[in-house]
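Content type mmCIF, C-alpha atoms; chains and numbers go by the auth columns, from the file data-v1.cif:
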```cif
data_my_file
loop_
_atom_site.group_PDB
_atom_site.id
_atom_site.type_symbol
_atom_site.label_atom_id
_atom_site.label_comp_id
_atom_site.label_asym_id
_atom_site.label_seq_id
_atom_site.Cartn_x
_atom_site.Cartn_y
_atom_site.Cartn_z
_atom_site.B_iso_or_equiv
_atom_site.auth_seq_id
_atom_site.auth_asym_id
ATOM 1 C CA PRO A 1 112.141 98.388 96.072 0.00 28 A
ATOM 2 C CA LEU A 2 109.954 99.222 99.025 0.00 29 A
ATOM 3 C CA THR A 3 107.006 97.017 99.822 0.00 30 A
ATOM 4 C CA GLN A 4 103.478 98.379 99.496 0.00 31 A
ATOM 5 C CA GLU A 5 103.252 98.466 103.299 0.00 32 A
ATOM 6 C CA GLN A 6 106.459 100.525 103.570 0.00 33 A
ATOM 7 C CA ARG A 7 105.228 102.994 100.969 0.00 34 A
ATOM 8 C CA GLU A 8 101.867 103.327 102.747 0.00 35 A
ATOM 9 C CA SER A 9 103.603 104.017 106.052 0.00 36 A
ATOM 10 C CA LEU A 10 105.236 107.068 104.516 0.00 37 A
ATOM 11 C CA SER A 11 101.946 108.630 103.451 0.00 38 A
ATOM 12 C CA HIS A 12 101.773 110.881 106.497 0.00 39 A
ATOM 13 C CA ALA A 13 105.094 112.627 105.853 0.00 40 A
ATOM 14 C CA ALA A 14 104.164 116.316 105.864 0.00 41 A
ATOM 15 C CA GLY A 15 106.317 118.736 103.922 0.00 42 A
ATOM 16 C CA TRP A 16 108.240 115.917 102.302 0.00 43 A
ATOM 17 C CA ILE A 17 109.457 117.924 99.319 0.00 44 A
ATOM 18 C CA GLU A 18 111.239 120.460 101.533 0.00 45 A
ATOM 19 C CA ASP A 19 112.551 117.684 103.764 0.00 46 A
ATOM 20 C CA MET A 20 113.822 115.823 100.718 0.00 47 A
ATOM 21 C CA GLN A 21 115.667 118.907 99.524 0.00 48 A
ATOM 22 C CA LYS A 22 117.262 119.373 102.960 0.00 49 A
ATOM 23 C CA TRP A 23 118.259 115.691 103.095 0.00 50 A
ATOM 24 C CA PHE A 24 120.018 115.893 99.722 0.00 51 A
ATOM 25 C CA GLN A 25 121.809 119.193 100.487 0.00 52 A
ATOM 26 C CA GLY A 26 125.485 118.402 100.724 0.00 53 A
ATOM 27 C CA LYS A 27 124.952 115.033 99.055 0.00 54 A
ATOM 28 C CA LEU A 28 124.327 116.521 95.597 0.00 55 A
ATOM 29 C CA SER A 29 125.857 119.532 93.923 0.00 56 A
ATOM 30 C CA ASP A 30 123.704 122.661 94.011 0.00 57 A
ATOM 31 C CA ALA A 31 123.011 122.371 90.269 0.00 58 A
ATOM 32 C CA ASN A 32 122.038 118.693 90.535 0.00 59 A
ATOM 33 C CA LEU A 33 119.823 119.375 93.536 0.00 60 A
ATOM 34 C CA ARG A 34 118.041 122.224 91.709 0.00 61 A
ATOM 35 C CA SER A 35 117.510 119.977 88.681 0.00 62 A
ATOM 36 C CA VAL A 36 116.175 117.075 90.761 0.00 63 A
ATOM 37 C CA MET A 37 113.874 119.260 92.846 0.00 64 A
ATOM 38 C CA ARG A 38 112.470 121.052 89.782 0.00 65 A
ATOM 39 C CA VAL A 39 111.343 117.671 88.395 0.00 66 A
ATOM 40 C CA VAL A 40 110.135 116.450 91.812 0.00 67 A
ATOM 41 C CA ARG A 41 107.956 119.545 92.225 0.00 68 A
ATOM 42 C CA ALA A 42 106.543 119.124 88.710 0.00 69 A
ATOM 43 C CA LEU A 43 105.716 115.491 89.423 0.00 70 A
ATOM 44 C CA ALA A 44 104.325 116.146 92.913 0.00 71 A
ATOM 45 C CA SER A 45 102.097 118.942 91.634 0.00 72 A
ATOM 46 C CA GLY A 46 100.694 116.836 88.816 0.00 73 A
ATOM 47 C CA ALA A 47 102.129 119.200 86.205 0.00 74 A
ATOM 48 C CA GLY A 48 104.140 116.309 84.805 0.00 75 A
ATOM 49 C CA VAL A 49 107.278 116.397 82.695 0.00 76 A
ATOM 50 C CA PRO A 50 107.208 117.113 78.958 0.00 77 A
ATOM 51 C CA HIS A 51 108.770 114.752 76.451 0.00 78 A
ATOM 52 C CA THR A 52 111.716 116.212 74.570 0.00 79 A
ATOM 53 C CA LYS A 53 110.514 115.180 71.101 0.00 80 A
ATOM 54 C CA ARG A 54 106.796 114.447 71.329 0.00 81 A
ATOM 55 C CA SER A 55 103.911 116.553 72.541 0.00 82 A
ATOM 56 C CA ASP A 56 102.975 114.372 75.515 0.00 83 A
ATOM 57 C CA TRP A 57 103.759 114.565 79.215 0.00 84 A
ATOM 58 C CA PHE A 58 104.854 112.000 81.805 0.00 85 A
ATOM 59 C CA LEU A 59 102.327 111.791 84.681 0.00 86 A
ATOM 60 C CA LYS A 60 100.517 115.000 83.747 0.00 87 A
ATOM 61 C CA GLY A 61 97.452 115.249 85.975 0.00 88 A
ATOM 62 C CA GLN A 62 98.726 112.452 88.229 0.00 89 A
ATOM 63 C CA PRO A 63 100.538 113.917 91.253 0.00 90 A
ATOM 64 C CA ILE A 64 103.114 111.611 92.818 0.00 91 A
ATOM 65 C CA ALA A 65 103.180 110.845 96.529 0.00 92 A
ATOM 66 C CA LEU A 66 105.627 109.127 98.845 0.00 93 A
ATOM 67 C CA THR A 67 103.416 106.046 98.670 0.00 94 A
ATOM 68 C CA ASP A 68 104.206 105.556 94.974 0.00 95 A
ATOM 69 C CA ASP A 69 106.533 102.845 93.732 0.00 96 A
ATOM 70 C CA PHE A 70 109.345 105.034 92.392 0.00 97 A
ATOM 71 C CA GLN A 71 111.281 102.076 91.024 0.00 98 A
ATOM 72 C CA GLU A 72 108.279 101.192 88.875 0.00 99 A
ATOM 73 C CA LEU A 73 107.780 104.814 87.825 0.00 100 A
ATOM 74 C CA ARG A 74 111.466 104.953 86.911 0.00 101 A
ATOM 75 C CA ARG A 75 111.034 101.857 84.758 0.00 102 A
ATOM 76 C CA GLN A 76 107.984 103.363 83.063 0.00 103 A
ATOM 77 C CA ALA A 77 109.814 106.653 82.519 0.00 104 A
ATOM 78 C CA GLY A 78 112.672 104.774 80.839 0.00 105 A
ATOM 79 C CA ILE A 79 110.225 103.321 78.340 0.00 106 A
ATOM 80 C CA TRP A 80 108.408 106.628 77.818 0.00 107 A
ATOM 81 C CA LEU A 81 111.626 108.646 77.417 0.00 108 A
ATOM 82 C CA THR A 82 114.430 106.559 75.965 0.00 109 A
ATOM 83 C CA PRO A 83 118.052 107.538 76.617 0.00 110 A
ATOM 84 C CA GLU A 84 118.326 108.660 72.984 0.00 111 A
ATOM 85 C CA ASP A 85 115.501 111.169 73.573 0.00 112 A
ATOM 86 C CA ASP A 86 116.955 112.581 76.796 0.00 113 A
ATOM 87 C CA PRO A 87 119.564 115.233 75.988 0.00 114 A
ATOM 88 C CA GLY A 88 120.200 115.610 79.741 0.00 115 A
ATOM 89 C CA HIS A 89 121.475 112.015 79.991 0.00 116 A
ATOM 90 C CA GLY A 90 118.920 111.010 82.616 0.00 117 A
ATOM 91 C CA TRP A 91 118.260 114.349 84.300 0.00 118 A
ATOM 92 C CA ARG A 92 114.809 114.734 82.663 0.00 119 A
ATOM 93 C CA LEU A 93 113.301 111.835 84.701 0.00 120 A
ATOM 94 C CA ASP A 94 115.644 108.939 85.485 0.00 121 A
ATOM 95 C CA HIS A 95 117.878 110.648 88.044 0.00 122 A
ATOM 96 C CA PRO A 96 115.067 112.531 89.829 0.00 123 A
ATOM 97 C CA LEU A 97 112.996 109.341 90.146 0.00 124 A
ATOM 98 C CA GLY A 98 116.085 107.540 91.423 0.00 125 A
ATOM 99 C CA LYS A 99 116.579 110.269 94.037 0.00 126 A
ATOM 100 C CA LEU A 100 112.922 109.956 95.028 0.00 127 A
ATOM 101 C CA ALA A 101 113.459 106.217 95.559 0.00 128 A
ATOM 102 C CA LEU A 102 116.574 106.923 97.673 0.00 129 A
ATOM 103 C CA TYR A 103 114.720 109.449 99.800 0.00 130 A
ATOM 104 C CA GLN A 104 111.770 107.082 100.197 0.00 131 A
ATOM 105 C CA ARG A 105 114.161 104.321 101.340 0.00 132 A
ATOM 106 C CA HIS A 106 115.794 106.737 103.810 0.00 133 A
ATOM 107 C CA LEU A 107 112.393 107.574 105.328 0.00 134 A
ATOM 108 C CA ALA A 108 111.433 103.901 105.571 0.00 135 A
ATOM 109 C CA GLU A 109 114.725 103.052 107.290 0.00 136 A
ATOM 110 C CA GLU A 110 114.371 106.044 109.616 0.00 137 A
ATOM 111 C CA LYS A 111 110.846 104.931 110.533 0.00 138 A
ATOM 112 C CA ALA A 112 112.009 101.338 111.102 0.00 139 A
ATOM 113 C CA SER A 113 114.796 102.631 113.343 0.00 140 A
ATOM 114 C CA MET A 114 112.314 104.697 115.358 0.00 141 A
ATOM 115 C CA VAL A 115 109.983 101.701 115.745 0.00 142 A
ATOM 116 C CA ALA A 116 112.908 99.545 116.907 0.00 143 A
ATOM 117 C CA ALA A 117 113.964 102.230 119.404 0.00 144 A
ATOM 118 C CA GLU A 118 110.395 102.422 120.732 0.00 145 A
ATOM 119 C CA LYS A 119 110.354 98.637 121.192 0.00 146 A
ATOM 120 C CA VAL A 120 113.620 98.788 123.142 0.00 147 A
ATOM 121 C CA GLN A 121 112.291 101.650 125.260 0.00 148 A
ATOM 122 C CA THR A 122 109.062 99.739 125.921 0.00 149 A
ATOM 123 C CA ALA A 123 111.043 96.639 126.904 0.00 150 A
ATOM 124 C CA GLU A 124 113.293 98.678 129.210 0.00 151 A
ATOM 125 C CA THR A 125 110.252 100.337 130.803 0.00 152 A
ATOM 126 C CA SER A 126 108.687 96.923 131.294 0.00 153 A
ATOM 127 C CA ASP A 127 111.908 95.652 132.874 0.00 154 A
ATOM 128 C CA LEU A 128 112.031 98.674 135.189 0.00 155 A
ATOM 129 C CA GLN A 129 108.446 98.072 136.277 0.00 156 A
ATOM 130 C CA THR A 130 109.364 94.571 137.447 0.00 157 A
ATOM 131 C CA LEU A 131 112.584 95.763 139.092 0.00 158 A
ATOM 132 C CA PRO A 132 111.062 97.191 142.303 0.00 159 A
ATOM 133 C CA THR A 133 109.345 93.871 143.006 0.00 160 A
ATOM 134 C CA SER A 134 112.593 91.949 142.782 0.00 161 A
ATOM 135 C CA LEU A 135 114.436 94.588 144.806 0.00 162 A
ATOM 136 C CA THR A 136 111.748 94.498 147.470 0.00 163 A
ATOM 137 C CA THR A 137 112.007 90.722 147.624 0.00 164 A
ATOM 138 C CA ALA A 138 115.793 90.856 147.873 0.00 165 A
ATOM 139 C CA SER A 139 115.763 93.569 150.534 0.00 166 A
ATOM 140 C CA SER A 140 113.276 91.625 152.673 0.00 167 A
ATOM 141 C CA LEU A 141 115.767 88.779 153.060 0.00 168 A
ATOM 142 C CA SER A 142 117.585 88.855 156.355 0.00 169 A
ATOM 143 C CA GLU A 143 121.311 89.220 156.378 0.00 170 A
ATOM 144 C CA THR A 144 121.716 85.595 157.429 0.00 171 A
ATOM 145 C CA ASP A 145 119.456 84.429 154.570 0.00 172 A
ATOM 146 C CA ALA A 146 121.654 86.247 152.097 0.00 173 A
ATOM 147 C CA ILE A 147 124.791 84.454 153.349 0.00 174 A
#
```
Spit out the file's structure as C-alpha coordinates when you get a sec.
Amino acid sequence: PLTQEQRESLSHAAGWIEDMQKWFQGKLSDANLRSVMRVVRALASGAGVPHTKRSDWFLKGQPIALTDDFQELRRQAGIWLTPEDDPGHGWRLDHPLGKLALYQRHLAEEKASMVAAEKVQTAETSDLQTLPTSLTTASSLSETDAI
(Lines of atoms letter the chains of each structure in order from A and count residues from 1; the text may use other names and numbers.)
(Lines give C-alpha, C1' and ligand atoms only; values in the text may rest on other atoms or scores of the structure.)
Protein backbone atom coordinates (compact mmCIF):
# COMPACT_ATOMS: atom_id res chain seq x y z
CA PRO A 1 0.00 0.00 0.00
CA LEU A 2 0.95 3.62 -0.43
CA THR A 3 2.27 5.55 2.52
CA GLN A 4 0.26 8.43 3.95
CA GLU A 5 2.79 10.84 2.43
CA GLN A 6 2.37 9.29 -1.04
CA ARG A 7 -1.41 9.51 -0.80
CA GLU A 8 -1.23 13.15 0.33
CA SER A 9 1.03 14.01 -2.61
CA LEU A 10 -1.71 12.91 -4.98
CA SER A 11 -4.31 15.24 -3.51
CA HIS A 12 -3.76 17.89 -6.18
CA ALA A 13 -4.58 15.62 -9.12
CA ALA A 14 -7.29 17.53 -10.98
CA GLY A 15 -9.75 15.59 -13.09
CA TRP A 16 -8.50 12.29 -11.75
CA ILE A 17 -11.63 10.31 -12.56
CA GLU A 18 -11.37 11.11 -16.28
CA ASP A 19 -7.62 10.52 -16.21
CA MET A 20 -8.17 7.19 -14.49
CA GLN A 21 -10.63 6.14 -17.17
CA LYS A 22 -8.17 7.11 -19.92
CA TRP A 23 -5.34 5.23 -18.17
CA PHE A 24 -7.39 2.03 -17.97
CA GLN A 25 -8.65 2.23 -21.59
CA GLY A 26 -7.05 -0.63 -23.45
CA LYS A 27 -6.06 -2.31 -20.20
CA LEU A 28 -9.62 -3.37 -19.33
CA SER A 29 -12.45 -4.49 -21.56
CA ASP A 30 -15.03 -1.81 -22.31
CA ALA A 31 -17.60 -3.58 -20.11
CA ASN A 32 -15.17 -3.91 -17.19
CA LEU A 33 -14.09 -0.29 -17.53
CA ARG A 34 -17.72 0.91 -17.53
CA SER A 35 -18.43 -1.20 -14.44
CA VAL A 36 -15.35 0.05 -12.57
CA MET A 37 -15.94 3.69 -13.46
CA ARG A 38 -19.63 3.54 -12.47
CA VAL A 39 -18.58 2.46 -8.96
CA VAL A 40 -15.68 4.95 -8.84
CA ARG A 41 -18.02 7.82 -9.70
CA ALA A 42 -20.52 6.69 -7.06
CA LEU A 43 -17.77 6.52 -4.45
CA ALA A 44 -16.13 9.81 -5.49
CA SER A 45 -19.45 11.64 -5.40
CA GLY A 46 -20.33 10.34 -1.95
CA ALA A 47 -23.39 8.53 -3.30
CA GLY A 48 -21.91 5.27 -2.06
CA VAL A 49 -22.67 1.74 -3.18
CA PRO A 50 -25.76 -0.15 -2.03
CA HIS A 51 -25.52 -3.55 -0.38
CA THR A 52 -27.10 -6.36 -2.38
CA LYS A 53 -29.10 -7.82 0.51
CA ARG A 54 -29.35 -5.17 3.21
CA SER A 55 -30.64 -1.63 3.11
CA ASP A 56 -27.33 0.09 3.87
CA TRP A 57 -24.70 1.72 1.69
CA PHE A 58 -20.90 1.58 1.60
CA LEU A 59 -19.38 5.06 2.10
CA LYS A 60 -22.65 6.92 1.51
CA GLY A 61 -22.02 10.58 2.31
CA GLN A 62 -18.25 10.02 2.41
CA PRO A 63 -16.70 10.92 -0.96
CA ILE A 64 -13.42 9.16 -1.71
CA ALA A 65 -10.31 11.02 -2.82
CA LEU A 66 -6.94 9.99 -4.19
CA THR A 67 -5.52 10.52 -0.71
CA ASP A 68 -7.56 7.61 0.69
CA ASP A 69 -6.01 4.27 1.55
CA PHE A 70 -7.74 2.12 -1.08
CA GLN A 71 -6.21 -1.09 0.24
CA GLU A 72 -7.84 -0.40 3.60
CA LEU A 73 -11.14 0.55 1.97
CA ARG A 74 -10.97 -2.68 -0.03
CA ARG A 75 -10.47 -4.63 3.19
CA GLN A 76 -13.41 -2.86 4.81
CA ALA A 77 -15.57 -3.45 1.73
CA GLY A 78 -14.77 -7.17 1.90
CA ILE A 79 -16.12 -7.29 5.44
CA TRP A 80 -19.16 -5.16 4.61
CA LEU A 81 -20.02 -7.12 1.45
CA THR A 82 -18.93 -10.73 1.69
CA PRO A 83 -18.25 -12.72 -1.48
CA GLU A 84 -21.46 -14.68 -0.86
CA ASP A 85 -23.45 -11.41 -1.00
CA ASP A 86 -21.81 -10.15 -4.20
CA PRO A 87 -23.53 -11.68 -7.23
CA GLY A 88 -21.02 -9.84 -9.46
CA HIS A 89 -18.10 -11.83 -7.99
CA GLY A 90 -16.22 -8.73 -6.85
CA TRP A 91 -17.48 -6.16 -9.35
CA ARG A 92 -19.72 -4.42 -6.76
CA LEU A 93 -16.71 -3.07 -4.77
CA ASP A 94 -13.63 -5.30 -4.66
CA HIS A 95 -12.47 -4.91 -8.25
CA PRO A 96 -13.19 -1.16 -8.50
CA LEU A 97 -11.32 -0.49 -5.24
CA GLY A 98 -8.46 -2.63 -6.52
CA LYS A 99 -8.37 -0.58 -9.73
CA LEU A 100 -8.36 2.61 -7.66
CA ALA A 101 -5.33 1.29 -5.76
CA LEU A 102 -3.58 0.44 -9.06
CA TYR A 103 -4.27 3.89 -10.47
CA GLN A 104 -3.11 5.54 -7.24
CA ARG A 105 0.14 3.52 -7.39
CA HIS A 106 0.61 4.54 -11.04
CA LEU A 107 0.27 8.23 -10.12
CA ALA A 108 2.69 7.87 -7.20
CA GLU A 109 5.26 6.15 -9.42
CA GLU A 110 4.76 8.75 -12.15
CA LYS A 111 5.29 11.54 -9.61
CA ALA A 112 8.40 9.83 -8.21
CA SER A 113 9.77 9.49 -11.75
CA MET A 114 9.16 13.19 -12.41
CA VAL A 115 10.88 14.16 -9.15
CA ALA A 116 13.87 11.95 -10.04
CA ALA A 117 14.04 13.51 -13.53
CA GLU A 118 13.96 17.00 -11.99
CA LYS A 119 16.83 16.05 -9.67
CA VAL A 120 18.88 14.81 -12.62
CA GLN A 121 18.09 17.97 -14.58
CA THR A 122 19.05 20.13 -11.59
CA ALA A 123 22.32 18.21 -11.19
CA GLU A 124 23.09 18.55 -14.91
CA THR A 125 22.33 22.28 -14.78
CA SER A 126 24.59 22.61 -11.77
CA ASP A 127 27.34 20.72 -13.61
CA LEU A 128 26.93 22.97 -16.65
CA GLN A 129 27.22 26.07 -14.48
CA THR A 130 30.62 24.92 -13.24
CA LEU A 131 31.75 23.88 -16.73
CA PRO A 132 32.63 27.35 -18.08
CA THR A 133 34.95 27.95 -15.12
CA SER A 134 36.89 24.77 -15.78
CA LEU A 135 36.96 25.45 -19.52
CA THR A 136 38.21 28.97 -18.91
CA THR A 137 40.94 27.62 -16.65
CA ALA A 138 41.95 25.00 -19.21
CA SER A 139 41.95 27.46 -22.10
CA SER A 140 44.14 29.92 -20.17
CA LEU A 141 46.95 27.36 -20.01
CA SER A 142 49.63 27.95 -22.59
CA GLU A 143 50.31 25.32 -25.16
CA THR A 144 53.59 24.44 -23.47
CA ASP A 145 51.84 24.07 -20.09
CA ALA A 146 49.43 21.59 -21.61
CA ILE A 147 52.29 19.40 -22.91
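Nearest to A:Asp96 of all the residues A:Ala143, A:Leu129, A:Ala69, A:Ala74 is A:Leu129, based on only C-alpha atoms.
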Would you write out, as a PyMOL selection string, every residue that the PyMOL selection byres ((chain A and resi 105) around 12) captures in this file?
-> chain A and resi 78+85+98-104+106-113+116-122+124-125
Expressed in Å, the length from atom CA of A:Arg68 to atom CA of A:Leu55 is 17.0 Å
Run the PyMOL selection byres ((chain A and resi 48) around 10) mentally over the shown coordinates, then write out the matched residues as an MDAnalysis selection string, using the chain letters and numbers from the document.
-> chainID A and resid 43:47 49:53 55 60:61 63:64 67 130
Kindly indicate which residue among A:Pro114, A:Lys126, A:Gln148, A:Gln31 lies nearest to A:Val66, using all atoms listed in the file for the distances.
->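 Nearest to A:Val66: A:Lys126.
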As a short mmCIF file (atom, residue, chain, number, x, y, z; two decimals), in the frame of the given file, the rebuilt stretch 48-72 of chain A with N, CA and C atoms:
```
data_model
loop_
_atom_site.label_atom_id
_atom_site.label_comp_id
_atom_site.auth_asym_id
_atom_site.auth_seq_id
_atom_site.Cartn_x
_atom_site.Cartn_y
_atom_site.Cartn_z
N GLN A 48 114.64 117.96 99.97
CA GLN A 48 115.67 118.91 99.52
C GLN A 48 116.73 119.08 100.61
N LYS A 49 116.30 119.23 101.85
CA LYS A 49 117.26 119.37 102.96
C LYS A 49 118.13 118.12 103.09
N TRP A 50 117.51 116.94 102.94
CA TRP A 50 118.26 115.69 103.10
C TRP A 50 119.33 115.55 102.02
N PHE A 51 119.05 116.01 100.81
CA PHE A 51 120.02 115.89 99.72
C PHE A 51 121.05 117.02 99.70
N GLN A 52 120.82 118.11 100.45
CA GLN A 52 121.81 119.19 100.49
C GLN A 52 123.11 118.65 101.04
N GLY A 53 124.18 118.92 100.33
CA GLY A 53 125.48 118.40 100.72
C GLY A 53 125.80 117.04 100.13
N LYS A 54 124.76 116.33 99.71
CA LYS A 54 124.95 115.03 99.06
C LYS A 54 125.01 115.19 97.54
N LEU A 55 124.34 116.22 97.03
CA LEU A 55 124.33 116.52 95.60
C LEU A 55 124.90 117.92 95.40
N SER A 56 125.42 118.17 94.22
CA SER A 56 125.86 119.53 93.92
C SER A 56 124.62 120.43 93.88
N ASP A 57 124.83 121.73 94.04
CA ASP A 57 123.70 122.66 94.01
C ASP A 57 122.93 122.55 92.69
N ALA A 58 123.66 122.46 91.58
CA ALA A 58 123.01 122.37 90.27
C ALA A 58 122.20 121.08 90.15
N ASN A 59 122.76 119.96 90.60
CA ASN A 59 122.04 118.69 90.54
C ASN A 59 120.80 118.73 91.43
N LEU A 60 120.95 119.29 92.61
CA LEU A 60 119.82 119.38 93.54
C LEU A 60 118.70 120.23 92.94
N ARG A 61 119.05 121.38 92.34
CA ARG A 61 118.04 122.22 91.71
C ARG A 61 117.32 121.46 90.59
N SER A 62 118.08 120.74 89.79
CA SER A 62 117.51 119.98 88.68
C SER A 62 116.57 118.89 89.19
N VAL A 63 117.00 118.14 90.18
CA VAL A 63 116.18 117.08 90.76
C VAL A 63 114.90 117.66 91.36
N MET A 64 115.03 118.71 92.15
CA MET A 64 113.87 119.26 92.85
C MET A 64 112.89 119.92 91.88
N ARG A 65 113.37 120.47 90.79
CA ARG A 65 112.47 121.05 89.78
C ARG A 65 111.55 119.95 89.22
N VAL A 66 112.13 118.80 88.92
CA VAL A 66 111.34 117.67 88.40
C VAL A 66 110.43 117.11 89.49
N VAL A 67 110.94 116.98 90.70
CA VAL A 67 110.14 116.45 91.81
C VAL A 67 108.90 117.33 92.03
N ARG A 68 109.09 118.64 92.03
CA ARG A 68 107.96 119.54 92.22
C ARG A 68 106.95 119.41 91.08
N ALA A 69 107.44 119.28 89.86
CA ALA A 69 106.54 119.12 88.71
C ALA A 69 105.75 117.83 88.83
N LEU A 70 106.40 116.77 89.27
CA LEU A 70 105.72 115.49 89.42
C LEU A 70 104.75 115.51 90.61
N ALA A 71 105.17 116.11 91.72
CA ALA A 71 104.32 116.15 92.91
C ALA A 71 103.09 117.03 92.71
N SER A 72 103.22 118.04 91.88
CA SER A 72 102.10 118.94 91.63
C SER A 72 101.11 118.38 90.62
#
```
